[in-house]
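Read through the structure below, which is laid out as structure tokens, and then see the notes.
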Amino acid sequence: MARQDLNGRTAIVTGGGSGLGRATALALAAAGVRVALAARTKSALEAVADDIRAAGGTALVIPTDVGDEDQIANLVSHTHQEWGRIDILVTSAGGASFGPLVESSTADWDSMMNTNLRATYLCAKHTLKVMLAQQSGHILNILSLASQTALPGSAAYTASKFGALGLTKVMAAEVRSQGIKVTAVIPGAVNTPLWDKSGGDLDRTKMLTPGDVADAMLDVIAQPPGIYTDEISLMPPLGIL
Ligand SMILES: NC(=O)c1ccc[n+]([C@@H]2O[C@H](COP(=O)([O-])OP(=O)(O)OC[C@H]3O[C@@H](n4cnc5c(N)ncnc54)[C@H](OP(=O)(O)O)[C@@H]3O)[C@@H](O)[C@H]2O)c1
């Protein structure tokens with residue numbers, strides 16, 4: 001299979017300062033893609049941008065709270081103004097919360113829905129306007145095994161990810177005839193800072209690495225235009241989550 005050369009393409013990566021977003025941004029940049037990094041913590045984005053530039057790549061830091069539609073609109077318009085096109089959107093901004101449903105807070109529910117579901121919708125909506133005008137683009141929404149499987153103790157997280165999978169499928173069906181690919185990325189557990197506050201006795205060495213997931217996404221992005229992968233599921237070999 002002849003891979004596409006990604007050199008010179010442009011991407012927005014939300015959650016680009018940490019974990020899966022950071023690894024994806026670094027992998028895209030290593031393939032020659034210019035990357036706009038978005039998250040709330042500017043210093044984390046600057047650190048990733050420094051790594052990209054030190055390796056000869058191009059990065060833009062655009063601090064963004066994906067809970068705020070105006071900030072998402074700014075992220076998209078700023079990137080578009082800078083580079084004239086947006087070829088790739090990776091939505092990796094997200095969070096997780098764990099605990100029994102009856103003990104969970106409504107604020108926590110709202111936070112999961114805002115960051116994992118509403119923000120995925122808003123990022124796609126604003127970016128698709130650019131991609132539809134181009135008649136090309138690739139959106140990869142980072143979901144979770146929890147988008148397909150009931151994980152007890154994560155009601156809000158699971159509900160937000162089920163919703164985001166439904167959203168991703170509708171988006172794909174709406175725009176696939178217009179040159180735009182939409183891929184649901186469904187990883188099992190990945191060893192990222194997301195797990196830092198989870199406590200317990202998880203063996204994080206048995207999880208996927210962020211680089212594993214980023215490499216798989218790069219493979220899908222670089223597939224020829226005539227091949228469309230609508231979903232990739234990646235599990236650690238020993239089956240954690
Ligand atoms: N780790 C896993 O096992 C795993 C497995 C499957 C799926 N996922 C999914 O992968 C995605 C990334 O998770 P991760 O493991 O890479 O976690 P992570 O290392 O904690 O990274 C999360 C990123 O999201 C950003 N973020 C959170 N809230 C945001 C907001 N309101 N606005 C903008 N950015 C925001 C964070 O930056 P700021 O806090 O600076 O804003 C950070 O850059 C999530 O959707 C998660 O559900 C993770």
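Residues in the structure tokens are named by chain (A, B, ... in the order shown) and by number from 1 within that chain; ligands are numbered from 1 in the order shown.
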
Quick one: residues within 12 Å of Gln135 (chain A), only C-alpha atoms, excluding same-chain residues fewer than 3 positions away - as a PDB file with N, CA and C atoms, in the first residue's frame?
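The resulting around.pdb:
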```
ATOM      1  N   ARG A  85      -4.910  26.333   5.474  1.00  0.00           N
ATOM      2  CA  ARG A  85      -5.699  25.105   5.339  1.00  0.00           C
ATOM      3  C   ARG A  85      -5.584  24.293   6.641  1.00  0.00           C
ATOM      4  N   ILE A  86      -6.519  23.401   6.844  1.00  0.00           N
ATOM      5  CA  ILE A  86      -6.455  22.481   7.988  1.00  0.00           C
ATOM      6  C   ILE A  86      -6.712  21.081   7.446  1.00  0.00           C
ATOM      7  N   ASP A  87      -5.693  20.257   7.484  1.00  0.00           N
ATOM      8  CA  ASP A  87      -5.807  18.915   6.897  1.00  0.00           C
ATOM      9  C   ASP A  87      -6.241  17.862   7.906  1.00  0.00           C
ATOM     10  N   LEU A 128     -14.841  21.466  10.383  1.00  0.00           N
ATOM     11  CA  LEU A 128     -15.466  20.930   9.159  1.00  0.00           C
ATOM     12  C   LEU A 128     -15.810  22.036   8.163  1.00  0.00           C
ATOM     13  N   LYS A 129     -16.108  23.235   8.676  1.00  0.00           N
ATOM     14  CA  LYS A 129     -16.418  24.333   7.739  1.00  0.00           C
ATOM     15  C   LYS A 129     -15.221  24.580   6.823  1.00  0.00           C
ATOM     16  N   VAL A 130     -14.023  24.521   7.382  1.00  0.00           N
ATOM     17  CA  VAL A 130     -12.797  24.696   6.588  1.00  0.00           C
ATOM     18  C   VAL A 130     -12.587  23.476   5.686  1.00  0.00           C
ATOM     19  N   MET A 131     -12.742  22.290   6.248  1.00  0.00           N
ATOM     20  CA  MET A 131     -12.471  21.070   5.473  1.00  0.00           C
ATOM     21  C   MET A 131     -13.469  20.900   4.325  1.00  0.00           C
ATOM     22  N   LEU A 132     -14.721  21.269   4.571  1.00  0.00           N
ATOM     23  CA  LEU A 132     -15.717  21.147   3.498  1.00  0.00           C
ATOM     24  C   LEU A 132     -15.398  22.109   2.358  1.00  0.00           C
ATOM     25  N   HIS A 138      -9.116  15.118   7.461  1.00  0.00           N
ATOM     26  CA  HIS A 138      -9.233  13.882   8.241  1.00  0.00           C
ATOM     27  C   HIS A 138      -9.409  14.261   9.713  1.00  0.00           C
ATOM     28  N   VAL A 175     -20.022  13.382   5.861  1.00  0.00           N
ATOM     29  CA  VAL A 175     -18.988  14.074   5.065  1.00  0.00           C
ATOM     30  C   VAL A 175     -18.114  13.153   4.223  1.00  0.00           C
ATOM     31  N   ARG A 176     -18.316  11.838   4.346  1.00  0.00           N
ATOM     32  CA  ARG A 176     -17.397  10.926   3.637  1.00  0.00           C
ATOM     33  C   ARG A 176     -17.464  11.128   2.116  1.00  0.00           C
ATOM     34  N   SER A 177     -18.622  11.545   1.586  1.00  0.00           N
ATOM     35  CA  SER A 177     -18.735  11.717   0.135  1.00  0.00           C
ATOM     36  C   SER A 177     -18.100  13.023  -0.330  1.00  0.00           C
ATOM     37  N   GLN A 178     -17.614  13.814   0.622  1.00  0.00           N
ATOM     38  CA  GLN A 178     -17.035  15.111   0.265  1.00  0.00           C
ATOM     39  C   GLN A 178     -15.532  15.164   0.532  1.00  0.00           C
ATOM     40  N   GLY A 179     -14.913  14.010   0.503  1.00  0.00           N
ATOM     41  CA  GLY A 179     -13.460  13.955   0.585  1.00  0.00           C
ATOM     42  C   GLY A 179     -12.899  14.009   1.992  1.00  0.00           C
ATOM     43  N   ILE A 180     -13.781  13.876   2.986  1.00  0.00           N
ATOM     44  CA  ILE A 180     -13.318  14.002   4.376  1.00  0.00           C
ATOM     45  C   ILE A 180     -13.471  12.665   5.102  1.00  0.00           C
ATOM     46  N   LYS A 181     -12.388  12.244   5.724  1.00  0.00           N
ATOM     47  CA  LYS A 181     -12.413  11.003   6.489  1.00  0.00           C
ATOM     48  C   LYS A 181     -12.615  11.323   7.973  1.00  0.00           C
TER      49      LYS A 181
END
```

ask   = Which protein, DNA or RNA residues have an atom within 7 Å of ligand 1, counting only C-alpha atoms and all ligand atoms, as a PyMOL selection string?
value = chain A and resi 14-21+38-41+44+64-67+92-96+115-116+142-145+186-195

Contacts of Val90 (chain A) at 7 Å (only C-alpha atoms; same-chain gap of 3+ positions) as a PyMOL selection string = chain A and resi 12-14+139-141

request  = Find the residues around Val213 (chain A) up to 9 Å (only C-alpha atoms counted), leave out those fewer than 2 positions away in its own chain, and share them as a list of chain:residue names.
outcome  =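 In the requested format, the answer is A:Leu20, A:Ala23, A:Thr24, A:Val185, A:Pro187, A:Val190, A:Leu208, A:Thr209, A:Pro210, A:Gly211, A:Asp215, A:Ala216, A:Met217, A:Leu218, A:Leu234.
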
query = Within 10 Å of Ala49 (chain A), counting only C-alpha atoms, which residues qualify if same-chain residues fewer than 2 places away don't, as a ChimeraX atom specification?
reply = /A:16-17,22,25-26,29,35-37,43-47,51-55,57-61

Selected residues, N, CA, C and O atoms, written as a CSV table (one decimal), in the first residue's frame, please.
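Result file part.csv:
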```csv
chain,number,residue,atom,x,y,z
A,16,GLY,N,-3.1,18.7,23.2
A,16,GLY,CA,-1.7,18.5,22.7
A,16,GLY,C,-0.6,18.7,23.7
A,16,GLY,O,0.6,18.4,23.3
A,17,GLY,N,-0.9,19.0,24.9
A,17,GLY,CA,0.2,19.3,25.9
A,17,GLY,C,0.5,18.0,26.7
A,17,GLY,O,1.5,18.1,27.5
A,22,ARG,N,-0.1,14.8,23.1
A,22,ARG,CA,1.3,15.2,23.0
A,22,ARG,C,2.0,14.2,22.0
A,22,ARG,O,2.7,14.6,21.1
A,25,ALA,N,0.9,14.7,18.5
A,25,ALA,CA,1.5,15.9,17.9
A,25,ALA,C,3.0,15.7,17.5
A,25,ALA,O,3.4,16.1,16.4
A,26,LEU,N,3.7,15.0,18.4
A,26,LEU,CA,5.1,14.7,18.1
A,26,LEU,C,5.3,13.8,16.9
A,26,LEU,O,6.1,14.0,16.0
A,29,ALA,N,4.4,15.8,13.7
A,29,ALA,CA,5.5,16.8,13.4
A,29,ALA,C,6.7,16.0,12.8
A,29,ALA,O,7.3,16.5,11.9
A,35,VAL,N,1.9,21.6,13.2
A,35,VAL,CA,0.9,21.2,14.2
A,35,VAL,C,0.5,22.4,15.1
A,35,VAL,O,1.4,23.1,15.7
A,36,ALA,N,-0.8,22.7,15.2
A,36,ALA,CA,-1.3,23.7,16.2
A,36,ALA,C,-1.7,22.9,17.4
A,36,ALA,O,-2.5,22.0,17.4
A,37,LEU,N,-1.1,23.3,18.6
A,37,LEU,CA,-1.3,22.6,19.8
A,37,LEU,C,-2.3,23.4,20.7
A,37,LEU,O,-2.1,24.6,20.9
A,43,SER,N,2.1,26.5,29.4
A,43,SER,CA,3.5,26.0,29.6
A,43,SER,C,3.6,24.6,29.0
A,43,SER,O,4.7,24.2,28.5
A,44,ALA,N,2.6,23.7,29.2
A,44,ALA,CA,2.7,22.4,28.7
A,44,ALA,C,2.7,22.4,27.1
A,44,ALA,O,3.5,21.6,26.5
A,45,LEU,N,2.0,23.3,26.5
A,45,LEU,CA,2.0,23.4,25.1
A,45,LEU,C,3.3,23.9,24.6
A,45,LEU,O,3.9,23.4,23.6
A,46,GLU,N,3.9,24.9,25.3
A,46,GLU,CA,5.2,25.4,24.9
A,46,GLU,C,6.2,24.3,25.0
A,46,GLU,O,7.1,24.3,24.1
A,47,ALA,N,6.2,23.5,26.0
A,47,ALA,CA,7.2,22.4,26.1
A,47,ALA,C,7.1,21.5,24.9
A,47,ALA,O,8.2,21.1,24.3
A,51,ASP,N,9.9,20.9,21.8
A,51,ASP,CA,10.4,19.6,21.4
A,51,ASP,C,10.2,19.4,19.8
A,51,ASP,O,11.1,18.9,19.1
A,52,ILE,N,9.1,19.9,19.3
A,52,ILE,CA,8.9,19.8,17.9
A,52,ILE,C,9.9,20.7,17.1
A,52,ILE,O,10.5,20.2,16.1
A,53,ARG,N,10.1,21.9,17.6
A,53,ARG,CA,11.0,22.8,16.9
A,53,ARG,C,12.4,22.3,17.0
A,53,ARG,O,13.2,22.4,16.0
A,54,ALA,N,12.8,21.8,18.1
A,54,ALA,CA,14.2,21.3,18.3
A,54,ALA,C,14.4,20.1,17.3
A,54,ALA,O,15.6,19.9,16.9
A,55,ALA,N,13.4,19.4,16.9
A,55,ALA,CA,13.6,18.3,16.0
A,55,ALA,C,13.4,18.8,14.5
A,55,ALA,O,13.3,18.0,13.6
A,57,GLY,N,10.7,20.7,13.3
A,57,GLY,CA,9.3,20.8,12.9
A,57,GLY,C,8.7,22.2,13.2
A,57,GLY,O,9.4,23.1,13.7
A,58,THR,N,7.5,22.3,12.9
A,58,THR,CA,6.8,23.6,13.0
A,58,THR,C,5.6,23.4,13.9
A,58,THR,O,4.7,22.5,13.7
A,59,ALA,N,5.5,24.3,14.9
A,59,ALA,CA,4.3,24.2,15.8
A,59,ALA,C,3.8,25.6,16.2
A,59,ALA,O,4.6,26.5,16.2
A,60,LEU,N,2.5,25.6,16.5
A,60,LEU,CA,1.8,26.8,16.9
A,60,LEU,C,1.2,26.5,18.2
A,60,LEU,O,0.6,25.4,18.4
A,61,VAL,N,1.4,27.4,19.2
A,61,VAL,CA,0.7,27.2,20.5
A,61,VAL,C,-0.5,28.1,20.6
A,61,VAL,O,-0.4,29.3,20.5
```

message = When you count only C-alpha atoms, which of these residues is closest to Tyr157 (chain A): A:Thr91, A:Gln4, A:Asn114, A:Asn74?
response =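 That would be A:Asn114, the residue with the smallest distance to Tyr157 (chain A).
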
task = Would you please extract all strand (DSSP E or B) residues from region 28-230 of chain A, as assigned by DSSP on the backbone, and give them as a VMD selection string?
result = chain A and resid 34 to 38 59 to 61 88 to 91 99 137 to 142 154 180 to 187 190 208

Mind dumping the selected residues with C-alpha atoms as a PDB file, in the first residue's frame?
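Output saved as out-v6.pdb:
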```pdb
ATOM      1  CA  ARG A  34       2.711  21.580  10.943  1.00  0.00           C
ATOM      2  CA  VAL A  35       0.879  21.244  14.244  1.00  0.00           C
ATOM      3  CA  ALA A  36      -1.317  23.686  16.179  1.00  0.00           C
ATOM      4  CA  LEU A  37      -1.322  22.636  19.821  1.00  0.00           C
ATOM      5  CA  ALA A  38      -4.389  23.378  21.953  1.00  0.00           C
ATOM      6  CA  ALA A  59       4.347  24.183  15.845  1.00  0.00           C
ATOM      7  CA  LEU A  60       1.837  26.806  16.875  1.00  0.00           C
ATOM      8  CA  VAL A  61       0.736  27.225  20.502  1.00  0.00           C
ATOM      9  CA  ILE A  88      -6.059  17.007  10.171  1.00  0.00           C
ATOM     10  CA  LEU A  89      -7.976  17.438  13.429  1.00  0.00           C
ATOM     11  CA  VAL A  90      -7.186  15.198  16.381  1.00  0.00           C
ATOM     12  CA  THR A  91      -9.511  15.663  19.376  1.00  0.00           C
ATOM     13  CA  GLY A  99     -16.536   6.190  41.243  1.00  0.00           C
ATOM     14  CA  GLY A 137      -9.457  16.539   5.562  1.00  0.00           C
ATOM     15  CA  HIS A 138      -9.233  13.882   8.241  1.00  0.00           C
ATOM     16  CA  ILE A 139     -10.758  14.064  11.718  1.00  0.00           C
ATOM     17  CA  LEU A 140      -9.684  11.562  14.360  1.00  0.00           C
ATOM     18  CA  ASN A 141     -11.687  11.574  17.579  1.00  0.00           C
ATOM     19  CA  ILE A 142      -9.940   9.858  20.460  1.00  0.00           C
ATOM     20  CA  SER A 154     -17.392   5.422  35.190  1.00  0.00           C
ATOM     21  CA  ILE A 180     -13.318  14.002   4.376  1.00  0.00           C
ATOM     22  CA  LYS A 181     -12.413  11.003   6.489  1.00  0.00           C
ATOM     23  CA  VAL A 182     -13.567  10.634  10.095  1.00  0.00           C
ATOM     24  CA  THR A 183     -11.973   7.964  12.260  1.00  0.00           C
ATOM     25  CA  ALA A 184     -13.004   6.814  15.730  1.00  0.00           C
ATOM     26  CA  VAL A 185      -9.879   5.943  17.738  1.00  0.00           C
ATOM     27  CA  ILE A 186     -10.754   3.428  20.442  1.00  0.00           C
ATOM     28  CA  PRO A 187      -7.878   2.582  22.769  1.00  0.00           C
ATOM     29  CA  VAL A 190      -2.865   3.923  27.824  1.00  0.00           C
ATOM     30  CA  LEU A 208      -0.421   0.746  25.815  1.00  0.00           C
TER      31      LEU A 208
END
```

inquiry  = Can you pull out every residue from region 17-240 of chain A that DSSP, working from the backbone, puts in helix (DSSP H, G or I), and format the result as JSON, numbers by chain?
reply    = {"A": [19, 20, 21, 22, 23, 24, 25, 26, 27, 28, 29, 30, 42, 43, 44, 45, 46, 47, 48, 49, 50, 51, 52, 53, 54, 69, 70, 71, 72, 73, 74, 75, 76, 77, 78, 79, 80, 81, 82, 83, 101, 102, 103, 106, 107, 108, 109, 110, 111, 112, 113, 114, 115, 116, 117, 118, 119, 120, 121, 122, 123, 124, 125, 126, 127, 128, 129, 130, 131, 132, 133, 134, 145, 146, 147, 155, 156, 157, 158, 159, 160, 161, 162, 163, 164, 165, 166, 167, 168, 169, 170, 171, 172, 173, 174, 175, 176, 177, 178, 193, 194, 195, 204, 205, 206, 210, 211, 212, 213, 214, 215, 216, 217, 218, 219, 220, 221]}
